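Pasting structure_2.txt here (compact mmCIF, C-alpha atoms):
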```
# COMPACT_ATOMS: atom_id res chain seq x y z
CA MET A 1 68.80 95.72 137.56
CA ILE A 2 65.87 94.78 139.79
CA SER A 3 66.23 91.99 142.34
CA PHE A 4 63.57 90.28 144.41
CA ASP A 5 64.99 88.19 147.25
CA HIS A 6 62.55 85.77 148.92
CA VAL A 7 59.75 88.34 148.74
CA THR A 8 56.45 87.53 150.37
CA VAL A 9 53.54 89.97 150.52
CA THR A 10 50.60 89.23 152.78
CA HIS A 11 47.47 91.20 153.63
CA GLU A 12 45.61 90.79 156.91
CA LEU A 13 41.87 90.49 156.27
CA THR A 14 39.02 89.86 158.69
CA GLU A 15 38.63 86.35 157.28
CA GLY A 16 42.35 85.55 157.58
CA THR A 17 45.67 86.23 155.88
CA LEU A 18 45.80 86.68 152.12
CA THR A 19 49.15 85.86 150.50
CA ALA A 20 49.53 88.01 147.39
CA LEU A 21 53.11 86.90 146.63
CA ASP A 22 54.89 83.93 148.15
CA GLY A 23 58.68 83.65 148.27
CA ILE A 24 59.53 85.37 145.00
CA SER A 25 63.23 85.39 144.10
CA VAL A 26 64.11 86.70 140.68
CA THR A 27 66.42 89.20 139.00
CA LEU A 28 65.19 91.35 136.12
CA SER A 29 67.91 92.80 133.91
CA GLU A 30 66.41 92.54 130.41
CA PRO A 31 65.34 95.79 128.68
CA ARG A 32 61.67 94.72 128.47
CA VAL A 33 60.08 92.31 130.93
CA ALA A 34 56.38 91.40 130.87
CA LEU A 35 54.39 90.05 133.81
CA ILE A 36 51.34 88.08 132.73
CA GLY A 37 48.80 85.96 134.57
CA PRO A 38 45.16 85.74 135.64
CA ASN A 39 43.38 88.45 137.62
CA GLY A 40 44.47 88.39 141.25
CA SER A 41 47.59 86.35 140.50
CA GLY A 42 49.95 88.94 142.01
CA LYS A 43 51.47 90.57 138.92
CA SER A 44 50.34 94.09 139.89
CA THR A 45 51.69 93.53 143.41
CA LEU A 46 55.01 92.45 141.91
CA ALA A 47 55.08 95.58 139.73
CA ARG A 48 54.20 97.83 142.67
CA LEU A 49 57.05 96.41 144.74
CA VAL A 50 59.55 97.94 142.32
CA ASN A 51 58.91 101.54 143.40
CA GLY A 52 57.71 100.92 146.94
CA LEU A 53 53.97 101.32 146.40
CA VAL A 54 53.84 97.91 148.09
CA THR A 55 56.43 96.84 150.64
CA PRO A 56 57.39 93.21 151.22
CA SER A 57 56.10 91.49 154.37
CA THR A 58 59.33 89.48 154.29
CA GLY A 59 62.32 89.55 151.95
CA SER A 60 63.72 92.52 150.07
CA VAL A 61 63.58 94.31 146.73
CA THR A 62 66.53 96.26 145.33
CA VAL A 63 66.80 98.51 142.30
CA ASP A 64 70.38 98.97 141.07
CA GLY A 65 71.47 97.70 144.47
CA ILE A 66 69.32 100.22 146.39
CA ASP A 67 66.87 98.76 148.89
CA VAL A 68 63.35 99.95 148.05
CA ALA A 69 61.98 99.76 151.58
CA SER A 70 64.75 101.75 153.29
CA ARG A 71 65.56 104.27 150.52
CA PRO A 72 62.31 104.82 148.61
CA ARG A 73 63.16 108.32 147.45
CA GLN A 74 66.36 107.25 145.72
CA VAL A 75 64.49 104.38 144.11
CA ARG A 76 61.66 106.62 142.89
CA ASP A 77 64.23 108.89 141.25
CA ARG A 78 65.06 105.88 139.09
CA VAL A 79 61.63 104.30 138.68
CA GLY A 80 58.62 105.86 136.93
CA PHE A 81 55.21 104.24 137.35
CA VAL A 82 52.31 104.21 134.87
CA PHE A 83 48.96 103.27 136.41
CA THR A 84 46.08 101.42 134.77
CA ASP A 85 43.76 104.39 135.13
CA PRO A 86 45.57 107.57 134.10
CA ALA A 87 42.84 109.66 135.74
CA ALA A 88 44.31 108.61 139.07
CA GLN A 89 47.77 109.65 138.00
CA LEU A 90 47.00 113.12 136.67
CA ILE A 91 47.05 115.51 139.60
CA MET A 92 47.04 119.00 138.12
CA PRO A 93 44.15 120.70 136.25
CA THR A 94 45.78 121.08 132.84
CA VAL A 95 48.14 118.99 130.75
CA ARG A 96 50.90 121.61 130.87
CA GLU A 97 50.64 122.00 134.65
CA ASP A 98 50.73 118.25 135.18
CA ILE A 99 53.91 117.92 133.12
CA GLU A 100 55.39 120.85 135.08
CA LEU A 101 54.52 119.07 138.33
CA SER A 102 56.79 116.19 137.29
CA LEU A 103 59.59 118.69 136.76
CA ARG A 104 59.23 120.54 140.08
CA ARG A 105 61.79 118.37 141.87
CA GLN A 106 64.53 118.65 139.29
CA GLU A 107 63.87 122.22 138.10
CA LYS A 108 63.11 124.88 140.72
CA ASN A 109 63.10 127.84 138.31
CA ARG A 110 59.58 128.36 136.97
CA SER A 111 60.55 129.70 133.54
CA HIS A 112 63.07 126.91 133.00
CA ARG A 113 60.43 124.44 134.10
CA ARG A 114 57.98 125.86 131.62
CA THR A 115 60.50 125.71 128.80
CA LYS A 116 61.32 122.10 129.55
CA ALA A 117 57.62 121.25 129.76
CA GLU A 118 57.13 122.79 126.30
CA GLN A 119 59.86 120.54 124.96
CA ILE A 120 58.27 117.45 126.48
CA LEU A 121 54.84 118.41 125.14
CA ALA A 122 56.34 118.83 121.68
CA THR A 123 58.22 115.53 121.87
CA HIS A 124 54.99 113.64 122.55
CA GLY A 125 52.81 115.68 120.18
CA LEU A 126 50.80 117.05 123.10
CA GLU A 127 51.11 120.78 122.27
CA PRO A 128 47.48 121.09 121.07
CA LEU A 129 46.32 119.68 124.41
CA ALA A 130 48.65 121.75 126.59
CA ASP A 131 46.00 124.00 128.12
CA ARG A 132 43.17 121.46 128.09
CA SER A 133 41.72 120.22 131.36
CA VAL A 134 42.96 116.70 132.14
CA HIS A 135 39.31 115.86 132.84
CA ALA A 136 38.37 116.75 129.26
CA LEU A 137 40.81 114.33 127.61
CA SER A 138 39.98 110.96 126.08
CA GLY A 139 41.30 107.81 127.76
CA GLY A 140 44.11 107.48 125.23
CA GLN A 141 45.10 111.13 125.57
CA ARG A 142 45.11 110.82 129.36
CA GLN A 143 47.38 107.77 129.26
CA LEU A 144 49.69 109.57 126.85
CA VAL A 145 49.87 112.58 129.19
CA ALA A 146 50.45 110.27 132.17
CA LEU A 147 53.30 108.56 130.32
CA ALA A 148 54.77 111.93 129.28
CA GLY A 149 54.59 113.03 132.93
CA VAL A 150 56.48 109.92 134.01
CA LEU A 151 59.14 110.34 131.31
CA ALA A 152 59.53 114.03 132.19
CA ALA A 153 61.17 112.97 135.43
CA ASP A 154 63.77 111.07 133.37
CA PRO A 155 63.56 107.67 135.12
CA ARG A 156 65.91 104.79 134.31
CA ILE A 157 63.13 102.23 134.69
CA VAL A 158 59.44 102.48 133.74
CA VAL A 159 56.95 100.18 135.45
CA ALA A 160 53.53 100.01 133.79
CA ASP A 161 50.61 98.30 135.50
CA GLU A 162 48.12 97.20 132.81
CA PRO A 163 48.51 100.51 130.95
CA THR A 164 46.35 99.51 127.96
CA THR A 165 43.48 97.80 129.77
CA LEU A 166 41.12 100.80 129.61
CA LEU A 167 42.03 101.84 126.07
CA ASP A 168 40.50 101.18 122.67
CA LEU A 169 42.48 99.23 120.09
CA ALA A 170 44.14 102.22 118.41
CA ASN A 171 45.17 103.87 121.66
CA ALA A 172 46.31 100.56 123.15
CA ARG A 173 48.54 100.11 120.11
CA LEU A 174 49.87 103.68 120.41
CA ILE A 175 50.71 103.33 124.10
CA GLY A 176 52.12 99.83 123.54
CA ASP A 177 54.39 101.10 120.77
CA LEU A 178 55.59 103.95 122.96
CA LEU A 179 56.29 101.71 125.94
CA THR A 180 58.11 98.99 124.03
CA GLY A 181 60.15 101.61 122.17
CA LEU A 182 61.45 103.32 125.32
CA ASP A 183 65.14 103.57 126.03
CA GLN A 184 64.37 102.86 129.70
CA GLN A 185 64.06 99.37 131.13
CA LEU A 186 60.38 98.43 131.02
CA ILE A 187 58.52 96.25 133.52
CA LEU A 188 55.06 95.67 132.11
CA ALA A 189 52.17 93.95 133.91
CA THR A 190 49.59 93.18 131.23
CA HIS A 191 46.76 91.01 129.97
CA ASP A 192 47.65 91.98 126.39
CA LEU A 193 49.58 88.93 125.22
CA GLU A 194 50.49 90.55 121.88
CA LEU A 195 52.15 93.34 123.82
CA ALA A 196 53.84 90.87 126.15
CA ALA A 197 55.17 89.03 123.10
CA ARG A 198 57.15 92.14 122.15
CA CYS A 199 59.15 91.95 125.38
CA ASP A 200 62.48 90.18 125.89
CA ARG A 201 61.34 88.05 128.81
CA VAL A 202 57.97 87.03 130.20
CA LEU A 203 57.09 85.92 133.72
CA LEU A 204 53.83 84.06 134.25
CA ILE A 205 52.52 84.80 137.74
CA ARG A 206 49.96 82.43 139.22
CA ASP A 207 48.67 82.29 142.79
CA GLY A 208 51.50 84.48 144.06
CA HIS A 209 54.25 82.35 142.47
CA ILE A 210 56.30 82.53 139.30
CA ALA A 211 54.70 79.68 137.37
CA ASP A 212 56.84 80.13 134.26
CA ASP A 213 59.71 82.34 133.20
CA GLY A 214 61.44 82.57 129.85
CA PRO A 215 61.27 83.77 126.24
CA PRO A 216 57.87 85.26 125.27
CA ASP A 217 56.92 82.58 122.72
CA GLU A 218 57.32 79.69 125.16
CA VAL A 219 55.73 81.31 128.20
CA ILE A 220 52.78 82.79 126.31
CA ALA A 221 52.12 79.50 124.49
CA GLY A 222 52.04 77.71 127.84
CA TYR A 223 49.68 80.30 129.29
CA ARG A 224 47.34 80.11 126.29
CA ALA A 225 47.24 76.32 126.65
CA ASN A 226 46.50 76.54 130.37
CA PRO A 227 45.04 79.93 131.27
CA MET B 228 29.90 123.81 140.44
CA SER B 229 33.22 122.55 139.08
CA GLU B 230 33.20 125.46 136.61
CA LEU B 231 33.90 127.73 139.57
CA PHE B 232 37.40 126.35 139.90
CA ALA B 233 38.49 125.75 136.33
CA HIS B 234 41.19 128.12 135.12
CA VAL B 235 40.13 130.54 132.37
CA PRO B 236 43.21 131.79 130.48
CA GLY B 237 43.28 135.51 129.78
CA THR B 238 45.33 138.69 129.75
CA THR B 239 43.14 141.03 131.82
CA VAL B 240 44.57 143.10 134.63
CA VAL B 241 43.09 140.60 137.11
CA HIS B 242 44.91 137.73 135.37
CA ARG B 243 48.17 139.69 135.61
CA VAL B 244 47.93 140.42 139.35
CA PRO B 245 50.42 138.19 141.24
CA ALA B 246 48.84 135.07 142.73
CA GLY B 247 50.03 135.93 146.23
CA LEU B 248 48.33 139.34 146.11
CA LYS B 249 45.09 137.74 144.93
CA LEU B 250 45.14 135.24 147.77
CA LEU B 251 45.89 138.01 150.28
CA THR B 252 42.99 140.05 148.89
CA LEU B 253 40.68 137.07 149.27
CA LEU B 254 41.84 136.58 152.85
CA ALA B 255 41.51 140.28 153.72
CA THR B 256 38.04 140.49 152.16
CA SER B 257 36.83 137.42 154.05
CA ILE B 258 38.15 138.75 157.38
CA THR B 259 36.69 142.21 156.78
CA LEU B 260 33.26 140.83 155.95
CA MET B 261 33.34 138.66 159.06
CA LEU B 262 34.46 141.43 161.41
CA VAL B 263 32.60 144.47 160.07
CA ARG B 264 28.86 144.03 160.46
CA GLY B 265 26.17 145.98 158.68
CA PRO B 266 24.46 146.20 155.29
CA LEU B 267 26.84 148.86 153.97
CA THR B 268 29.82 146.46 154.05
CA THR B 269 27.74 143.80 152.33
CA VAL B 270 26.63 146.15 149.54
CA VAL B 271 30.15 147.51 149.02
CA GLY B 272 31.55 143.95 149.00
CA LEU B 273 29.03 142.77 146.43
CA VAL B 274 29.58 145.77 144.17
CA LEU B 275 33.35 145.37 144.30
CA ALA B 276 33.13 141.62 143.70
CA ALA B 277 30.83 142.19 140.72
CA ALA B 278 33.25 144.77 139.33
CA VAL B 279 36.19 142.37 139.66
CA VAL B 280 34.22 139.57 137.94
CA THR B 281 33.35 141.92 135.07
CA VAL B 282 36.91 143.20 134.65
CA SER B 283 38.36 139.67 134.74
CA ARG B 284 36.09 138.61 131.80
CA ILE B 285 35.65 135.10 133.18
CA GLY B 286 32.02 135.24 132.06
CA TRP B 287 28.97 135.91 134.19
CA SER B 288 26.92 133.13 132.63
CA ARG B 289 29.62 130.55 133.30
CA LEU B 290 30.06 131.83 136.84
CA LEU B 291 26.36 131.88 137.71
CA TRP B 292 25.86 128.44 136.17
CA GLY B 293 28.75 127.18 138.28
CA MET B 294 27.15 128.67 141.39
CA ARG B 295 23.80 126.96 140.86
CA GLY B 296 24.74 124.23 143.32
CA LEU B 297 25.07 126.86 146.03
CA VAL B 298 21.48 128.07 145.71
CA ILE B 299 20.05 125.48 148.08
CA ILE B 300 22.69 126.24 150.70
CA LEU B 301 22.11 129.99 150.34
CA VAL B 302 18.33 129.59 150.64
CA LEU B 303 18.61 127.38 153.74
CA LEU B 304 21.19 129.66 155.31
CA GLY B 305 19.13 132.76 154.50
CA ALA B 306 15.97 131.21 155.94
CA TYR B 307 17.76 130.21 159.13
CA GLN B 308 19.29 133.65 159.58
CA TRP B 309 15.92 135.29 158.93
CA TRP B 310 14.37 133.12 161.61
CA ARG B 311 17.19 133.83 164.05
CA GLY B 312 17.91 137.53 163.42
CA GLY B 313 15.44 138.97 160.91
CA TRP B 314 15.71 139.77 157.22
CA PRO B 315 18.52 142.39 157.45
CA ARG B 316 20.78 139.80 159.07
CA SER B 317 19.74 137.19 156.52
CA VAL B 318 20.56 139.48 153.58
CA GLU B 319 23.89 140.40 155.15
CA VAL B 320 25.05 136.81 155.75
CA VAL B 321 23.96 135.57 152.33
CA GLY B 322 25.40 138.65 150.61
CA ASP B 323 28.75 138.25 152.38
CA LEU B 324 28.92 134.58 151.42
CA VAL B 325 28.14 135.35 147.76
CA THR B 326 30.84 138.05 147.79
CA ILE B 327 33.46 135.61 149.11
CA VAL B 328 32.47 132.91 146.61
CA LEU B 329 32.64 135.42 143.74
CA ILE B 330 36.09 136.63 144.71
CA ALA B 331 37.36 133.09 145.41
CA SER B 332 36.07 132.07 141.97
CA VAL B 333 37.88 134.98 140.33
CA VAL B 334 41.10 133.99 142.12
CA THR B 335 40.94 130.35 141.04
CA MET B 336 39.66 131.07 137.52
CA THR B 337 42.33 133.67 136.73
CA THR B 338 45.31 131.95 138.35
CA PRO B 339 47.05 128.82 137.03
CA ILE B 340 47.43 126.24 139.78
CA ASP B 341 51.20 126.27 139.34
CA ARG B 342 51.30 129.99 140.26
CA MET B 343 49.00 129.32 143.20
CA LEU B 344 51.32 126.56 144.47
CA ASP B 345 54.34 128.86 144.18
CA ALA B 346 52.50 131.69 145.99
CA VAL B 347 51.35 129.49 148.86
CA THR B 348 54.79 127.91 149.16
CA THR B 349 56.48 131.33 149.24
CA GLY B 350 53.90 132.88 151.55
CA LEU B 351 54.16 130.11 154.11
CA GLY B 352 57.95 129.94 153.93
CA PRO B 353 58.48 132.04 157.11
CA LEU B 354 56.34 129.54 159.05
CA ARG B 355 58.73 126.67 158.31
CA PRO B 356 60.48 126.99 161.73
CA LEU B 357 57.06 126.46 163.34
CA GLY B 358 56.74 123.08 161.65
CA VAL B 359 54.58 124.21 158.70
CA ARG B 360 55.51 122.45 155.46
CA PRO B 361 54.70 125.01 152.74
CA ALA B 362 54.93 122.67 149.74
CA ARG B 363 52.67 120.19 151.46
CA VAL B 364 50.06 122.88 152.24
CA ALA B 365 50.24 124.12 148.65
CA LEU B 366 49.75 120.61 147.35
CA ALA B 367 46.78 120.11 149.69
CA VAL B 368 45.19 123.29 148.30
CA SER B 369 45.71 122.06 144.75
CA LEU B 370 44.33 118.60 145.46
CA THR B 371 41.30 120.06 147.22
CA LEU B 372 40.49 122.19 144.20
CA GLN B 373 41.03 119.18 141.95
CA LEU B 374 38.75 116.98 144.00
CA ILE B 375 35.72 119.23 143.53
CA PRO B 376 35.03 118.46 139.84
CA ILE B 377 35.94 114.81 140.42
CA ALA B 378 33.52 114.52 143.36
CA PHE B 379 30.74 116.12 141.30
CA GLY B 380 31.44 113.61 138.52
CA LEU B 381 31.25 110.70 140.96
CA ILE B 382 27.98 112.03 142.41
CA ALA B 383 26.51 112.21 138.89
CA GLU B 384 27.69 108.66 138.04
CA SER B 385 26.24 107.26 141.29
CA ARG B 386 22.94 109.04 140.59
CA ASP B 387 22.84 107.59 137.05
CA ALA B 388 23.68 104.10 138.36
CA ALA B 389 20.88 104.34 140.94
CA ARG B 390 18.49 105.58 138.24
CA ALA B 391 19.44 102.68 135.97
CA ARG B 392 18.49 100.27 138.76
CA GLY B 393 15.25 102.12 139.45
CA ILE B 394 16.29 103.19 142.94
CA GLU B 395 17.03 106.85 142.28
CA ARG B 396 15.00 107.90 145.34
CA SER B 397 17.26 105.91 147.66
CA ILE B 398 19.72 108.23 149.37
CA ARG B 399 21.81 105.20 150.41
CA ALA B 400 22.06 104.00 146.83
CA ARG B 401 23.40 107.39 145.80
CA MET B 402 25.56 108.30 148.78
CA ILE B 403 27.34 105.03 149.66
CA PRO B 404 28.91 104.45 146.21
CA THR B 405 29.88 108.13 146.07
CA VAL B 406 31.62 108.05 149.44
CA ILE B 407 33.39 104.77 148.67
CA ARG B 408 34.59 106.04 145.31
CA VAL B 409 35.78 109.36 146.75
CA VAL B 410 37.79 107.45 149.36
CA ALA B 411 39.13 105.11 146.65
CA HIS B 412 40.08 108.15 144.58
CA ALA B 413 41.93 109.61 147.57
CA ARG B 414 43.87 106.36 147.93
CA THR B 415 44.84 106.17 144.28
CA THR B 416 45.82 109.84 144.34
CA GLY B 417 48.03 109.05 147.33
CA ASP B 418 49.62 106.23 145.33
CA ALA B 419 50.17 108.58 142.39
CA LEU B 420 51.76 111.22 144.64
CA TRP B 421 54.03 108.57 146.08
CA ALA B 422 54.93 107.16 142.68
CA ARG B 423 55.69 110.62 141.28
CA GLY B 424 57.70 111.61 144.35
CA VAL B 425 55.77 114.89 144.51
CA ASP B 426 56.10 115.31 148.27
CA ASP B 427 59.69 114.10 148.56
CA ASP B 428 61.19 117.56 149.05
CA GLU B 429 59.26 117.74 152.29
CA HIS B 430 61.03 114.65 153.63
CA PRO B 431 64.71 115.49 153.69
CA ALA B 432 65.31 112.52 155.99
CA ARG B 433 64.29 110.04 153.31
```
Structure rendered as structure tokens:
Amino acid sequence: MISFDHVTVTHELTEGTLTALDGISVTLSEPRVALIGPNGSGKSTLARLVNGLVTPSTGSVTVDGIDVASRPRQVRDRVGFVFTDPAAQLIMPTVREDIELSLRRQEKNRSHRRTKAEQILATHGLEPLADRSVHALSGGQRQLVALAGVLAADPRIVVADEPTTLLDLANARLIGDLLTGLDQQLILATHDLELAARCDRVLLIRDGHIADDGPPDEVIAGYRANP
Amino acid sequence: MSELFAHVPGTTVVHRVPAGLKLLTLLATSITLMLVRGPLTTVVGLVLAAAVVTVSRIGWSRLLWGMRGLVIILVLLGAYQWWRGGWPRSVEVVGDLVTIVLIASVVTMTTPIDRMLDAVTTGLGPLRPLGVRPARVALAVSLTLQLIPIAFGLIAESRDAARARGIERSIRARMIPTVIRVVAHARTTGDALWARGVDDDEHPAR
């Protein structure tokens, strides 16, 4: 369960203070929660608060009762994060090595790590790409590898920040199917309203506030009527 | 130049040498070439480096193509050394540099990054009481190697963007976007490292 308690996020700029989120209080316990809203509304900031990529200026965020700001490591053991641009997420030169990097914390033995990486590659159909450079992959393949790397660490929650924005239709559908079919709790910031409609709950974020919150059909219909 | 650092899988004797030994050899070669002056050392170094490249079967054409970006630096360095100390000194400095680049290329092209990380982490382990964080150093080595092909890609994209706007002769138009995007890449990589908890083992207090 993820709880936001009176969370405000501000950024100091030369021209003044920018409020990205303003007094957000909400609890997310549903298996799949979508965050929708216009560009710059604050949905990515809200997603990034869950694993401590952004810290609240005031208020607090807890994951399963653990405070994100004071115990980020314990929170990151539970929360995996999928970025918009997988190129930023892939750190190692080859697909196999990047998956193994995700396993380094939980598996110190190299041969065991390699065996587990092989299993993960097989699970996601990535064996043919195992020794390919991550720079030589297509956008869809990169996002698939990034997602496999996140799942390799066995998180309880997956946060995805516009994971299909840079993908073509087929790959967006593939990644969307994978994400919505996960056993983990999913927090999904997206502009893809069809994908959001497959979630259990949708939050409409506007100007740093929760403008609407409820079942997908109602919230998405309201957003379409007043984008 | 990114080809210089891309791993080439293989089963040659050079591929099978432990990563730590390769890194030590690179270090020892670099120190020897710096300390021992004279053309004989340079010639021996070049011959040995060429032999290692051949045995490792990483491909001369690929290697030389990857080194093309170094030509300007080598020419400028050679010219400067010629002016300062004459042609024997120029040949020696350029030859030593080529030797080190060849051996460094063999090390990176025949060693998976994962092995390199393990070797650096193990090798620096005894320095932990002095405040050195081995896993962090190993990660820095890996990220530095990773940044090279990315930086070359960003340079090419900035050049193409400048060309598309008809300002390809403007150094500002090519450099400023490149620098900004490299810094942005560093920030997003930092976010990814944080999100993946890669460096957490180095922060037992967390």
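Closest approach to Gly286 (chain B) from the set B:Val235, B:Val425, B:Leu381, B:Leu301 is made by B:Val235, with distances taken over all atoms listed in the file.
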Interatomic distance between CA of Ala422 (chain B) and CA of Ile187 (chain A)?
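Computing it gives 14.7 Å between the two atoms.
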Shell of 8 Å around Arg78 (chain A), all atoms listed in the file, local chain residues under 6 positions omitted, as a PyMOL selection string
chain A and resi 154-157
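If you measure from each of B:Ile340, B:Val359, B:Ala276, B:Val263 to Gln373 (chain B) using only C-alpha atoms, the closest one turns out to be B:Ile340.
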Considering all atoms listed in the file, return as a PyMOL selection string whatever protein or nucleic-acid residues lie within 12 Å of Gln119 (chain A), sequence-local ones (same chain, fewer than 4 positions apart) excluded.
chain A and resi 96+99-100+103+112-115+123-127+130+148+152
Need to verify the contact set: Leu324 (chain B), 12 Å, all atoms listed in the file, exclusion of same-chain residues closer than 2 positions in sequence. Can you return it as a ChimeraX atom specification?
/B:256-258,260-261,269-270,272-273,276,294,297-298,300-302,304-305,317-322,326-331
Quote the spacing between CA of Thr17 (chain A) and CA of Gly59 (chain A) in Å to one decimal place.
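One can read the CA of Thr17 (chain A) to CA of Gly59 (chain A) distance as 17.4 Å.
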Would you pick out the contacts of Leu167 (chain A) at 12 Å or less, using all atoms listed in the file, so that residues sharing its chain but fewer than 6 positions from it are not included, and give the list as a PyMOL selection string?
chain A and resi 84-86+138-144+173-176+192
Please measure the separation of CA of Pro227 (chain A) and CA of Arg48 (chain A), giving the value in Å to one decimal.
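If I compute the distance from CA of Pro227 (chain A) to CA of Arg48 (chain A), I get 23.1 Å.
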Pick out the chain B residues within 6 Å of chain A. Count only C-alpha atoms. Give them as a ChimeraX atom specification.
/B:415-416,419
